[in-house]
$ cat my_file_7.cif   # mmCIF, C-alpha atoms
data_target
#
loop_
_atom_site.label_atom_id
_atom_site.label_comp_id
_atom_site.auth_asym_id
_atom_site.auth_seq_id
_atom_site.Cartn_x
_atom_site.Cartn_y
_atom_site.Cartn_z
CA PRO L 1 116.59 126.77 95.85
CA ALA L 2 113.09 127.62 94.61
CA GLN L 3 114.12 127.32 90.98
CA ASP L 4 115.09 123.65 91.53
CA VAL L 5 111.89 122.49 93.26
CA ASP L 6 110.07 121.27 90.15
CA ALA L 7 113.13 119.33 88.96
CA ALA L 8 113.60 117.79 92.41
CA VAL L 9 109.94 116.71 92.57
CA ALA L 10 110.19 115.20 89.08
CA LYS L 11 113.35 113.29 90.08
CA PHE L 12 111.71 112.00 93.26
CA ARG L 13 108.62 110.87 91.35
CA GLU L 14 110.80 109.09 88.80
CA TYR L 15 112.59 107.21 91.59
CA TYR L 16 109.37 106.54 93.50
CA GLN L 17 107.58 105.06 90.48
CA LYS L 18 110.49 102.77 89.68
CA ASP L 19 111.79 101.59 93.06
CA GLY L 20 110.80 103.90 95.90
CA TRP L 21 107.26 102.60 96.31
CA LEU L 22 108.74 99.28 97.42
CA ASP L 23 110.14 101.05 100.51
CA ASN L 24 106.60 101.08 101.91
CA ALA L 25 105.30 98.46 104.32
CA PRO L 26 102.17 98.19 106.43
CA TYR L 27 102.76 98.95 110.09
CA PRO L 28 102.57 95.84 112.31
CA GLY L 29 98.98 95.14 113.25
CA ILE L 30 97.40 97.07 110.37
CA PRO L 31 96.28 94.06 108.28
CA GLU L 32 94.61 92.58 111.37
CA LEU L 33 92.99 95.92 112.23
CA LEU L 34 91.58 96.24 108.72
CA ALA L 35 90.26 92.67 108.80
CA HIS L 36 88.56 93.23 112.18
CA LEU L 37 86.99 96.54 111.17
CA LYS L 38 85.74 95.11 107.87
CA ALA L 39 84.27 92.11 109.73
CA GLN L 40 82.43 94.57 111.98
CA GLY L 41 80.82 96.12 108.90
CA LYS L 42 82.94 99.27 108.79
CA ARG L 43 83.43 100.91 105.40
CA LEU L 44 87.11 101.59 104.78
CA PHE L 45 88.76 103.97 102.33
CA VAL L 46 92.28 105.14 101.62
CA ALA L 47 92.60 108.91 101.29
CA THR L 48 96.10 110.01 100.39
CA SER L 49 98.01 112.78 98.71
CA LYS L 50 100.18 110.13 97.01
CA LEU L 51 99.64 109.83 93.28
CA ASP L 52 96.57 107.66 92.67
CA THR L 53 98.50 105.12 90.59
CA MET L 54 101.09 104.70 93.33
CA ALA L 55 98.51 104.43 96.10
CA VAL L 56 96.67 101.63 94.32
CA ARG L 57 99.93 99.84 93.48
CA ILE L 58 101.07 99.94 97.12
CA VAL L 59 97.74 98.76 98.57
CA GLU L 60 97.53 95.93 96.02
CA HIS L 61 101.18 94.90 96.53
CA PHE L 62 100.63 94.36 100.25
CA GLY L 63 97.35 92.47 99.76
CA LEU L 64 95.24 95.11 101.48
CA MET L 65 92.86 95.90 98.62
CA PRO L 66 90.11 93.52 99.80
CA TYR L 67 89.59 95.66 102.89
CA PHE L 68 88.95 98.94 101.06
CA GLU L 69 85.97 100.14 99.06
CA ALA L 70 88.16 102.68 97.29
CA VAL L 71 91.76 103.84 97.18
CA CYS L 72 91.74 107.54 96.47
CA GLY L 73 95.04 109.13 95.61
CA ALA L 74 95.75 112.34 93.80
CA PRO L 75 96.15 112.78 90.07
CA ALA L 76 99.35 114.57 89.14
CA GLY L 77 99.07 118.23 90.06
CA ASP L 78 96.34 117.98 92.74
CA LYS L 79 97.62 116.45 95.96
CA GLU L 80 94.31 117.05 97.78
CA ALA L 81 92.13 115.26 95.22
CA GLY L 82 92.60 111.82 96.80
CA LYS L 83 91.18 112.89 100.12
CA LYS L 84 88.27 114.65 98.43
CA ALA L 85 87.54 111.56 96.31
CA ALA L 86 87.53 109.27 99.33
CA LEU L 87 85.02 111.48 101.09
CA LYS L 88 82.80 111.58 98.01
CA SER L 89 83.04 107.78 97.65
CA ALA L 90 81.93 107.35 101.25
CA GLY L 91 78.67 109.17 100.55
CA CYS L 92 77.84 112.48 102.17
CA ASP L 93 75.05 110.97 104.25
CA GLU L 94 77.55 108.91 106.23
CA LEU L 95 80.19 111.56 106.92
CA SER L 96 78.76 112.28 110.36
CA ARG L 97 79.96 108.80 111.33
CA ALA L 98 83.25 108.95 109.43
CA VAL L 99 86.64 109.52 110.99
CA MET L 100 89.97 110.45 109.46
CA ILE L 101 92.96 108.52 110.75
CA GLY L 102 96.41 109.94 110.21
CA ASP L 103 99.86 110.47 111.61
CA ARG L 104 100.57 114.09 110.64
CA GLU L 105 99.04 117.49 111.24
CA HIS L 106 98.01 117.66 107.56
CA ASP L 107 95.71 114.68 108.13
CA VAL L 108 94.13 116.43 111.10
CA ILE L 109 93.69 119.68 109.17
CA GLY L 110 92.22 117.87 106.16
CA GLY L 111 89.85 115.85 108.32
CA HIS L 112 88.62 118.95 110.10
CA LEU L 113 88.14 120.82 106.81
CA ALA L 114 85.84 117.96 105.80
CA GLY L 115 83.99 118.16 109.12
CA LEU L 116 85.39 114.88 110.44
CA GLU L 117 86.65 113.75 113.80
CA VAL L 118 90.31 112.77 113.63
CA ILE L 119 92.21 109.96 115.29
CA GLY L 120 95.91 110.77 115.36
CA VAL L 121 98.26 107.80 115.46
CA LEU L 122 101.65 107.74 117.17
CA TYR L 123 103.24 104.89 115.24
CA GLY L 124 103.72 107.02 112.10
CA TYR L 125 105.84 110.08 111.45
CA GLY L 126 104.07 112.62 113.64
CA SER L 127 104.30 113.16 117.37
CA ARG L 128 101.70 113.50 120.11
CA GLU L 129 102.57 117.19 120.32
CA GLU L 130 102.06 117.75 116.58
CA LEU L 131 98.74 115.90 116.49
CA THR L 132 97.43 117.50 119.67
CA ALA L 133 98.43 120.99 118.53
CA ALA L 134 96.61 120.37 115.22
CA GLY L 135 93.46 119.45 117.18
CA ALA L 136 93.14 115.66 116.84
CA GLU L 137 90.16 114.60 118.95
CA HIS L 138 91.72 111.24 119.83
CA ILE L 139 95.22 109.77 119.92
CA ALA L 140 95.94 106.07 119.40
CA GLU L 141 99.33 104.61 120.19
CA THR L 142 98.72 101.33 118.35
CA PRO L 143 96.42 99.85 115.71
CA ALA L 144 94.56 98.11 118.55
CA GLY L 145 93.96 101.55 120.05
CA ILE L 146 92.35 102.66 116.79
CA GLU L 147 90.05 99.66 116.85
CA THR L 148 88.98 100.39 120.40
CA LEU L 149 88.20 104.02 119.57
CA ILE L 150 86.26 103.18 116.42
CA LEU L 151 84.24 100.32 117.81
CA SER L 152 83.38 102.16 121.02
CA ALA L 153 82.21 105.35 119.30
CA HIS L 154 81.29 104.58 115.72
#
$ encode --input "my_file_7.cif" --output "structure tokens"
Amino acid sequence: PAQDVDAAVAKFREYYQKDGWLDNAPYPGIPELLAHLKAQGKRLFVATSKLDTMAVRIVEHFGLMPYFEAVCGAPAGDKEAGKKAALKSAGCDELSRAVMIGDREHDVIGGHLAGLEVIGVLYGYGSREELTAAGAEHIAETPAGIETLILSAH
């Protein structure tokens, strides 16, 4: 019920901060993808609606921080701030070459609102139908597919 939403969110956040964040894991092939893209001179950022403290903790825990220039999550109360911060960190002059990569329609919508091309990925939670309906310009089935798209076009 609507009156229980705030309490449910608070309970989830309490669990997530204590133990739930450890349920995360990089998808197979992601560390290698990040290493290859970084070696090719690509600037990489995390843009998430996760709380900023949790996003940083997760990226650090899995040893992925060296690949990213910034990890931009949201402060409590503004789930869109992380994506906005990542775009600002990238520098407006380079956004014409930037792409958003995500597995859900919200990633596609957010990328388009920022004027970005979007690569939808099929190894996450979303489906081809969801990503296509949202307007993703490209679909990648694997991390290697992302690398091919980025290196061939950007």
$ resolve_selection --input "my_file_7.cif" --expression "the PyMOL selection byres ((chain L and resi 137-151) around 7)" --output "CSV table (one decimal) with C-alpha atoms, keeping the file's coordinate frame"
chain,number,residue,atom,x,y,z
L,29,GLY,CA,99.0,95.1,113.2
L,30,ILE,CA,97.4,97.1,110.4
L,33,LEU,CA,93.0,95.9,112.2
L,117,GLU,CA,86.6,113.8,113.8
L,118,VAL,CA,90.3,112.8,113.6
L,119,ILE,CA,92.2,110.0,115.3
L,120,GLY,CA,95.9,110.8,115.4
L,121,VAL,CA,98.3,107.8,115.5
L,122,LEU,CA,101.6,107.7,117.2
L,123,TYR,CA,103.2,104.9,115.2
L,135,GLY,CA,93.5,119.4,117.2
L,136,ALA,CA,93.1,115.7,116.8
L,152,SER,CA,83.4,102.2,121.0
L,153,ALA,CA,82.2,105.4,119.3
L,154,HIS,CA,81.3,104.6,115.7
$ atom_distance --input "my_file_7.cif" --atom1 "atom CA of L:Glu60" --atom2 "atom CA of L:Met100"
21.2 Å
$ atom_distance --input "my_file_7.cif" --atom1 "atom CA of L:Val46" --atom2 "atom CA of L:Ala10"
24.1 Å
$ residues_around --input "my_file_7.cif" --residues "stretch 22-26 of chain L" --least-positions-apart "2" --cutoff "10 Å" --atoms "all atoms listed in the file" --output "list of chain:residue names"
L:Tyr16, L:Gln17, L:Lys18, L:Asp19, L:Gly20, L:Pro28, L:Gly29, L:Ile30, L:Pro31, L:Arg57, L:Ile58, L:Val59, L:His61, L:Phe62, L:Leu64
$ atom_distance --input "my_file_7.cif" --atom1 "atom CA of L:Tyr67" --atom2 "atom CA of L:Leu37"
8.7 Å
$ decode --input "my_file_7.cif" --residues "stretch 52-64 of chain L" --atoms "N, CA and C atoms" --output "JSON list (two decimals), in the first residue's frame"
[["chain", "number", "residue", "atom", "x", "y", "z"],
["L", 52, "ASP", "N", 25.13, 7.05, -4.01],
["L", 52, "ASP", "CA", 26.54, 7.26, -4.37],
["L", 52, "ASP", "C", 27.48, 6.46, -3.49],
["L", 53, "THR", "N", 27.22, 6.39, -2.20],
["L", 53, "THR", "CA", 28.11, 5.64, -1.30],
["L", 53, "THR", "C", 28.12, 4.16, -1.64],
["L", 54, "MET", "N", 26.97, 3.62, -2.01],
["L", 54, "MET", "CA", 26.89, 2.21, -2.37],
["L", 54, "MET", "C", 27.56, 1.94, -3.71],
["L", 55, "ALA", "N", 27.37, 2.83, -4.67],
["L", 55, "ALA", "CA", 27.98, 2.65, -5.98],
["L", 55, "ALA", "C", 29.50, 2.59, -5.86],
["L", 56, "VAL", "N", 30.07, 3.51, -5.12],
["L", 56, "VAL", "CA", 31.52, 3.53, -4.95],
["L", 56, "VAL", "C", 31.98, 2.27, -4.23],
["L", 57, "ARG", "N", 31.28, 1.89, -3.18],
["L", 57, "ARG", "CA", 31.65, 0.69, -2.41],
["L", 57, "ARG", "C", 31.66, -0.55, -3.31],
["L", 58, "ILE", "N", 30.65, -0.69, -4.15],
["L", 58, "ILE", "CA", 30.55, -1.85, -5.04],
["L", 58, "ILE", "C", 31.68, -1.86, -6.06],
["L", 59, "VAL", "N", 31.91, -0.73, -6.72],
["L", 59, "VAL", "CA", 32.96, -0.66, -7.74],
["L", 59, "VAL", "C", 34.33, -0.93, -7.11],
["L", 60, "GLU", "N", 34.59, -0.37, -5.94],
["L", 60, "GLU", "CA", 35.86, -0.62, -5.26],
["L", 60, "GLU", "C", 35.99, -2.08, -4.85],
["L", 61, "HIS", "N", 34.93, -2.65, -4.29],
["L", 61, "HIS", "CA", 34.96, -4.04, -3.80],
["L", 61, "HIS", "C", 35.37, -5.02, -4.90],
["L", 62, "PHE", "N", 34.91, -4.77, -6.12],
["L", 62, "PHE", "CA", 35.21, -5.68, -7.22],
["L", 62, "PHE", "C", 36.44, -5.27, -8.01],
["L", 63, "GLY", "N", 37.21, -4.30, -7.50],
["L", 63, "GLY", "CA", 38.47, -3.93, -8.12],
["L", 63, "GLY", "C", 38.32, -3.23, -9.47],
["L", 64, "LEU", "N", 37.19, -2.59, -9.70],
["L", 64, "LEU", "CA", 36.94, -1.95, -10.98],
["L", 64, "LEU", "C", 37.24, -0.45, -11.00]]
